[in-house]
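Visitor: A single structure is presented below for examination.
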Amino acid sequence: MMLQGKSAIVTGSTSGIGLAIARAYAKEGANVMINGFGDADAIERERAGIEAEFKVKALYSGADMSRGSAIEAMVVEAEHAFGAIDILVNNAGIQFVSPVEDFPVEKWDQIIAINMSAAFHAIRATLPGMKARKWGRIINTASAHALVASPFKSAYVTAKHGIAGLTKTVALEAATFGVTANAICPGYVWTPLVEKQIPETMQARNLTREQVINDVLLHAQPTKQFVTVEEVAGLAVFLCSDAARSITGAIIPIDGGWTAE
Ligand code: NAD
């Protein structure tokens, strides 16, 4: 129960990596605010299930991470409910695959807003409290695409490189306040985000589904395996531990060796 008495916001946690991180924090005793979109009944079952299983407070916010005012309101709501925010995980993200010359402008704006600017808004709202209490953990879910590019993912790659820069800057600003900021960079994890990009990649690269899975996704990772949501959640828990006190400003791959090549 390493996080007993702590409270966390995990954005984009109604599925995939974010949900695994929220559950892992609750398992360690933290109160959690989950966030994201999806079926209302399924989200409520998940929220109530976390409370019942781990005996913590679990709240849900439907705040849209493309809107700065909604993000600020989410942070205020969580601070009122929990008393403080100790851990912020900026994890909400979307993907779109298309050649840059055909990339819809509104998709570009949406990806930059949700995958990058949302973290700025959430950090801006939570950091003052963390600094005042001299403890805080900020974790940004970046991607292997924060370190290397792939064709047809211009907005995603740009946003993930941007979040790496934000992470390092915030780490420097918060370093003497007991607050760390790190970016987690997963390789491919089998989640709805990856499933959605398969048909888009088939079209952009003129490949079959099997070719996309084997020759694009798994090919990128020397281990030839998808990373699991539990592995990413384990790293997010470790970064909140005392043993990780001196890890800050780090851009940490968890990508089956992808970015080592
Ligand atoms: P996912 O689709 O399972 O989860 C995305 C979450 O973000 C969902 O909860 C969704 O409701 C939420 N979301 C989307 N738009 C939102 C908005 N406007 N406001 C609030 N919430 C919103 O995908 P995932 O793979 O778990 O992705 C989580 C993060 O991990 C993303 O930042 C993604 O870029 C990153 N990532 C994923 C992979 C992968 O292979 N799956 C690899 C590297 C990084």
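Naming works like this for the structure tokens: A, B, ... for the chains as they're shown, residue 1 at the start of each chain, ligands 1 onward in shown order.
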Select the residues contacting ligand 1 at a distance of at most 7 Å, based on only C-alpha atoms and all ligand atoms, then format the selection as a PyMOL selection string.
Guide: chain A and resi 11-18+35-38+62-66+91-95+114-115+141-144+185-194
Visitor: May I have the selected residues written with N, CA and C atoms, as a JSON list (two decimals), in the first residue's frame?
Guide:
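See out-v6.json below for the written result:
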```json
[["chain", "number", "residue", "atom", "x", "y", "z"],
["A", 11, "THR", "N", -5.78, 10.97, -16.50],
["A", 11, "THR", "CA", -6.64, 11.35, -17.63],
["A", 11, "THR", "C", -6.67, 10.21, -18.65],
["A", 12, "GLY", "N", -7.75, 10.15, -19.39],
["A", 12, "GLY", "CA", -7.87, 9.09, -20.40],
["A", 12, "GLY", "C", -7.78, 7.71, -19.78],
["A", 13, "SER", "N", -8.60, 7.48, -18.73],
["A", 13, "SER", "CA", -8.46, 6.21, -17.99],
["A", 13, "SER", "C", -9.74, 5.38, -18.02],
["A", 14, "THR", "N", -10.56, 5.56, -19.05],
["A", 14, "THR", "CA", -11.73, 4.70, -19.18],
["A", 14, "THR", "C", -11.40, 3.45, -19.98],
["A", 15, "SER", "N", -10.18, 3.36, -20.50],
["A", 15, "SER", "CA", -9.77, 2.11, -21.17],
["A", 15, "SER", "C", -8.25, 2.05, -21.24],
["A", 16, "GLY", "N", -7.75, 0.94, -21.75],
["A", 16, "GLY", "CA", -6.33, 0.81, -22.09],
["A", 16, "GLY", "C", -5.35, 1.09, -20.96],
["A", 17, "ILE", "N", -4.29, 1.81, -21.31],
["A", 17, "ILE", "CA", -3.18, 2.07, -20.39],
["A", 17, "ILE", "C", -3.65, 2.88, -19.17],
["A", 18, "GLY", "N", -4.47, 3.90, -19.41],
["A", 18, "GLY", "CA", -4.92, 4.76, -18.31],
["A", 18, "GLY", "C", -5.71, 4.00, -17.27],
["A", 35, "ASN", "N", -11.02, 9.45, -15.87],
["A", 35, "ASN", "CA", -11.49, 10.44, -16.86],
["A", 35, "ASN", "C", -11.47, 9.79, -18.24],
["A", 36, "GLY", "N", -12.34, 10.26, -19.08],
["A", 36, "GLY", "CA", -12.34, 9.77, -20.46],
["A", 36, "GLY", "C", -13.75, 9.59, -20.95],
["A", 37, "PHE", "N", -13.86, 9.03, -22.14],
["A", 37, "PHE", "CA", -15.16, 8.85, -22.76],
["A", 37, "PHE", "C", -15.50, 7.36, -22.79],
["A", 38, "GLY", "N", -16.75, 7.07, -23.15],
["A", 38, "GLY", "CA", -17.17, 5.68, -23.29],
["A", 38, "GLY", "C", -18.58, 5.49, -22.80],
["A", 62, "GLY", "N", -15.90, 13.51, -16.73],
["A", 62, "GLY", "CA", -16.02, 13.40, -18.19],
["A", 62, "GLY", "C", -15.37, 14.56, -18.91],
["A", 63, "ALA", "N", -14.48, 15.30, -18.23],
["A", 63, "ALA", "CA", -13.85, 16.50, -18.82],
["A", 63, "ALA", "C", -13.20, 16.16, -20.16],
["A", 64, "ASP", "N", -13.43, 17.02, -21.13],
["A", 64, "ASP", "CA", -12.87, 16.86, -22.48],
["A", 64, "ASP", "C", -11.46, 17.45, -22.48],
["A", 65, "MET", "N", -10.47, 16.61, -22.71],
["A", 65, "MET", "CA", -9.07, 17.04, -22.64],
["A", 65, "MET", "C", -8.66, 17.97, -23.79],
["A", 66, "SER", "N", -9.59, 18.24, -24.69],
["A", 66, "SER", "CA", -9.26, 19.23, -25.73],
["A", 66, "SER", "C", -9.66, 20.63, -25.29],
["A", 91, "ASN", "N", -2.50, 11.19, -19.61],
["A", 91, "ASN", "CA", -2.47, 9.97, -20.42],
["A", 91, "ASN", "C", -3.44, 9.98, -21.59],
["A", 92, "ALA", "N", -4.45, 10.87, -21.57],
["A", 92, "ALA", "CA", -5.45, 10.85, -22.64],
["A", 92, "ALA", "C", -4.75, 11.03, -23.99],
["A", 93, "GLY", "N", -5.20, 10.28, -24.96],
["A", 93, "GLY", "CA", -4.55, 10.42, -26.27],
["A", 93, "GLY", "C", -5.40, 9.81, -27.36],
["A", 94, "ILE", "N", -5.23, 10.34, -28.55],
["A", 94, "ILE", "CA", -5.87, 9.79, -29.74],
["A", 94, "ILE", "C", -4.82, 9.72, -30.85],
["A", 95, "GLN", "N", -5.17, 9.00, -31.91],
["A", 95, "GLN", "CA", -4.23, 8.79, -33.00],
["A", 95, "GLN", "C", -4.97, 8.95, -34.32],
["A", 114, "ILE", "N", -5.31, 17.34, -27.43],
["A", 114, "ILE", "CA", -5.54, 16.25, -26.46],
["A", 114, "ILE", "C", -4.21, 15.61, -26.04],
["A", 115, "ASN", "N", -3.32, 15.36, -27.00],
["A", 115, "ASN", "CA", -2.09, 14.61, -26.70],
["A", 115, "ASN", "C", -0.99, 15.49, -26.13],
["A", 141, "THR", "N", 2.14, 10.28, -20.28],
["A", 141, "THR", "CA", 2.25, 9.14, -21.19],
["A", 141, "THR", "C", 2.62, 9.70, -22.56],
["A", 142, "ALA", "N", 3.88, 9.54, -22.91],
["A", 142, "ALA", "CA", 4.33, 9.95, -24.25],
["A", 142, "ALA", "C", 4.21, 8.72, -25.14],
["A", 143, "SER", "N", 5.31, 8.29, -25.73],
["A", 143, "SER", "CA", 5.27, 7.17, -26.67],
["A", 143, "SER", "C", 6.69, 6.98, -27.21],
["A", 144, "ALA", "N", 6.95, 5.81, -27.76],
["A", 144, "ALA", "CA", 8.20, 5.66, -28.52],
["A", 144, "ALA", "C", 8.28, 6.76, -29.58],
["A", 185, "CYS", "N", 7.31, 6.14, -22.25],
["A", 185, "CYS", "CA", 7.25, 6.02, -23.72],
["A", 185, "CYS", "C", 7.00, 4.57, -24.13],
["A", 186, "PRO", "N", 5.74, 4.16, -24.11],
["A", 186, "PRO", "CA", 5.46, 2.77, -24.52],
["A", 186, "PRO", "C", 5.67, 2.56, -26.02],
["A", 187, "GLY", "N", 6.06, 1.33, -26.34],
["A", 187, "GLY", "CA", 5.95, 0.87, -27.73],
["A", 187, "GLY", "C", 4.49, 0.49, -27.95],
["A", 188, "TYR", "N", 4.25, -0.43, -28.89],
["A", 188, "TYR", "CA", 2.87, -0.77, -29.20],
["A", 188, "TYR", "C", 2.26, -1.64, -28.09],
["A", 189, "VAL", "N", 1.10, -1.18, -27.63],
["A", 189, "VAL", "CA", 0.31, -1.88, -26.61],
["A", 189, "VAL", "C", -1.04, -2.16, -27.26],
["A", 190, "TRP", "N", -1.55, -3.37, -27.13],
["A", 190, "TRP", "CA", -2.82, -3.71, -27.80],
["A", 190, "TRP", "C", -3.97, -3.07, -27.02],
["A", 191, "THR", "N", -4.43, -1.91, -27.50],
["A", 191, "THR", "CA", -5.54, -1.17, -26.87],
["A", 191, "THR", "C", -6.45, -0.68, -28.00],
["A", 192, "PRO", "N", -7.61, -0.08, -27.65],
["A", 192, "PRO", "CA", -8.48, 0.46, -28.70],
["A", 192, "PRO", "C", -7.76, 1.46, -29.61],
["A", 193, "LEU", "N", -6.80, 2.21, -29.07],
["A", 193, "LEU", "CA", -6.06, 3.20, -29.89],
["A", 193, "LEU", "C", -5.29, 2.51, -31.01],
["A", 194, "VAL", "N", -4.66, 1.37, -30.69],
["A", 194, "VAL", "CA", -3.90, 0.65, -31.72],
["A", 194, "VAL", "C", -4.84, -0.05, -32.70]]
```
Visitor: Where does DSSP see strand (DSSP E) in range 46-232 of chain A, if you list the residues as a VMD selection string?
Guide: chain A and resid 58 to 61 87 to 90 136 to 141 179 to 186
Visitor: Need the shell around range 116-130 of chain A: protein/DNA/RNA residues with any atom at most 6 Å away, counting only C-alpha atoms. Skip same-chain ones fewer than 4 positions apart. Format as a PDB file with N, CA and C atoms, in the first residue's frame?
Guide:
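What follows is the written file out.pdb:
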```pdb
ATOM      1  N   MET A  65     -10.467  16.606 -22.712  1.00  0.00           N
ATOM      2  CA  MET A  65      -9.068  17.044 -22.645  1.00  0.00           C
ATOM      3  C   MET A  65      -8.663  17.966 -23.791  1.00  0.00           C
ATOM      4  N   GLY A  68      -9.198  23.513 -22.348  1.00  0.00           N
ATOM      5  CA  GLY A  68      -8.442  23.943 -21.165  1.00  0.00           C
ATOM      6  C   GLY A  68      -9.336  24.245 -19.975  1.00  0.00           C
ATOM      7  N   ASN A  90      -0.925  12.437 -17.130  1.00  0.00           N
ATOM      8  CA  ASN A  90      -1.497  12.968 -18.378  1.00  0.00           C
ATOM      9  C   ASN A  90      -1.397  11.873 -19.430  1.00  0.00           C
ATOM     10  N   ILE A 112      -3.077  17.646 -31.317  1.00  0.00           N
ATOM     11  CA  ILE A 112      -2.161  18.525 -30.568  1.00  0.00           C
ATOM     12  C   ILE A 112      -2.811  18.938 -29.244  1.00  0.00           C
ATOM     13  N   LYS A 134       5.288  20.233  -1.149  1.00  0.00           N
ATOM     14  CA  LYS A 134       6.646  19.670  -1.313  1.00  0.00           C
ATOM     15  C   LYS A 134       6.643  18.186  -1.685  1.00  0.00           C
ATOM     16  N   TRP A 135       5.644  17.753  -2.406  1.00  0.00           N
ATOM     17  CA  TRP A 135       5.620  16.375  -2.928  1.00  0.00           C
ATOM     18  C   TRP A 135       4.688  16.334  -4.114  1.00  0.00           C
ATOM     19  N   GLY A 136       5.123  15.701  -5.148  1.00  0.00           N
ATOM     20  CA  GLY A 136       4.239  15.525  -6.305  1.00  0.00           C
ATOM     21  C   GLY A 136       4.895  14.623  -7.331  1.00  0.00           C
ATOM     22  N   ALA A 159       3.127  15.840 -31.358  1.00  0.00           N
ATOM     23  CA  ALA A 159       2.600  16.024 -29.993  1.00  0.00           C
ATOM     24  C   ALA A 159       3.442  15.266 -28.974  1.00  0.00           C
ATOM     25  N   ILE A 163       5.504  16.722 -25.823  1.00  0.00           N
ATOM     26  CA  ILE A 163       5.274  16.394 -24.411  1.00  0.00           C
ATOM     27  C   ILE A 163       6.580  15.998 -23.721  1.00  0.00           C
TER      28      ILE A 163
END
```
Visitor: Apply DSSP to the backbone of this structure and, from range 31-115 of chain A, keep only the residues in alpha helix (DSSP H); write these as number ranges by chain.
Guide: A: 40-54, 68-82, 105-112
Visitor: Leaving out Tyr25 in chain A and any residue of its chain fewer than 5 positions from it, which residues lie within 12 Å of it when counting only C-alpha atoms, given as a ChimeraX atom specification?
Guide: /A:1-10,13,18-20,30-34,50-51,54-58,86-89,230,233-241
Visitor: How far is it from CA of Ile198 in chain A to CA of Thr259 in chain A, in Å with one decimal?
Guide: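 CA of Thr259 in chain A lies 21.1 Å from CA of Ile198 in chain A.
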Visitor: List the spatial neighbours of Thr158 in chain A as a list in words - criterion: any atom at most 10 Å away, only C-alpha atoms, same-chain residues fewer than 3 positions off excluded.
Guide: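 So the residues in contact are Trp108, Ile111, Ile112, Asn115, Met116, His145, Ala146, Ala149, Lys153, Ser154, Ala155, His161, Gly162 and Ile163 of chain A.
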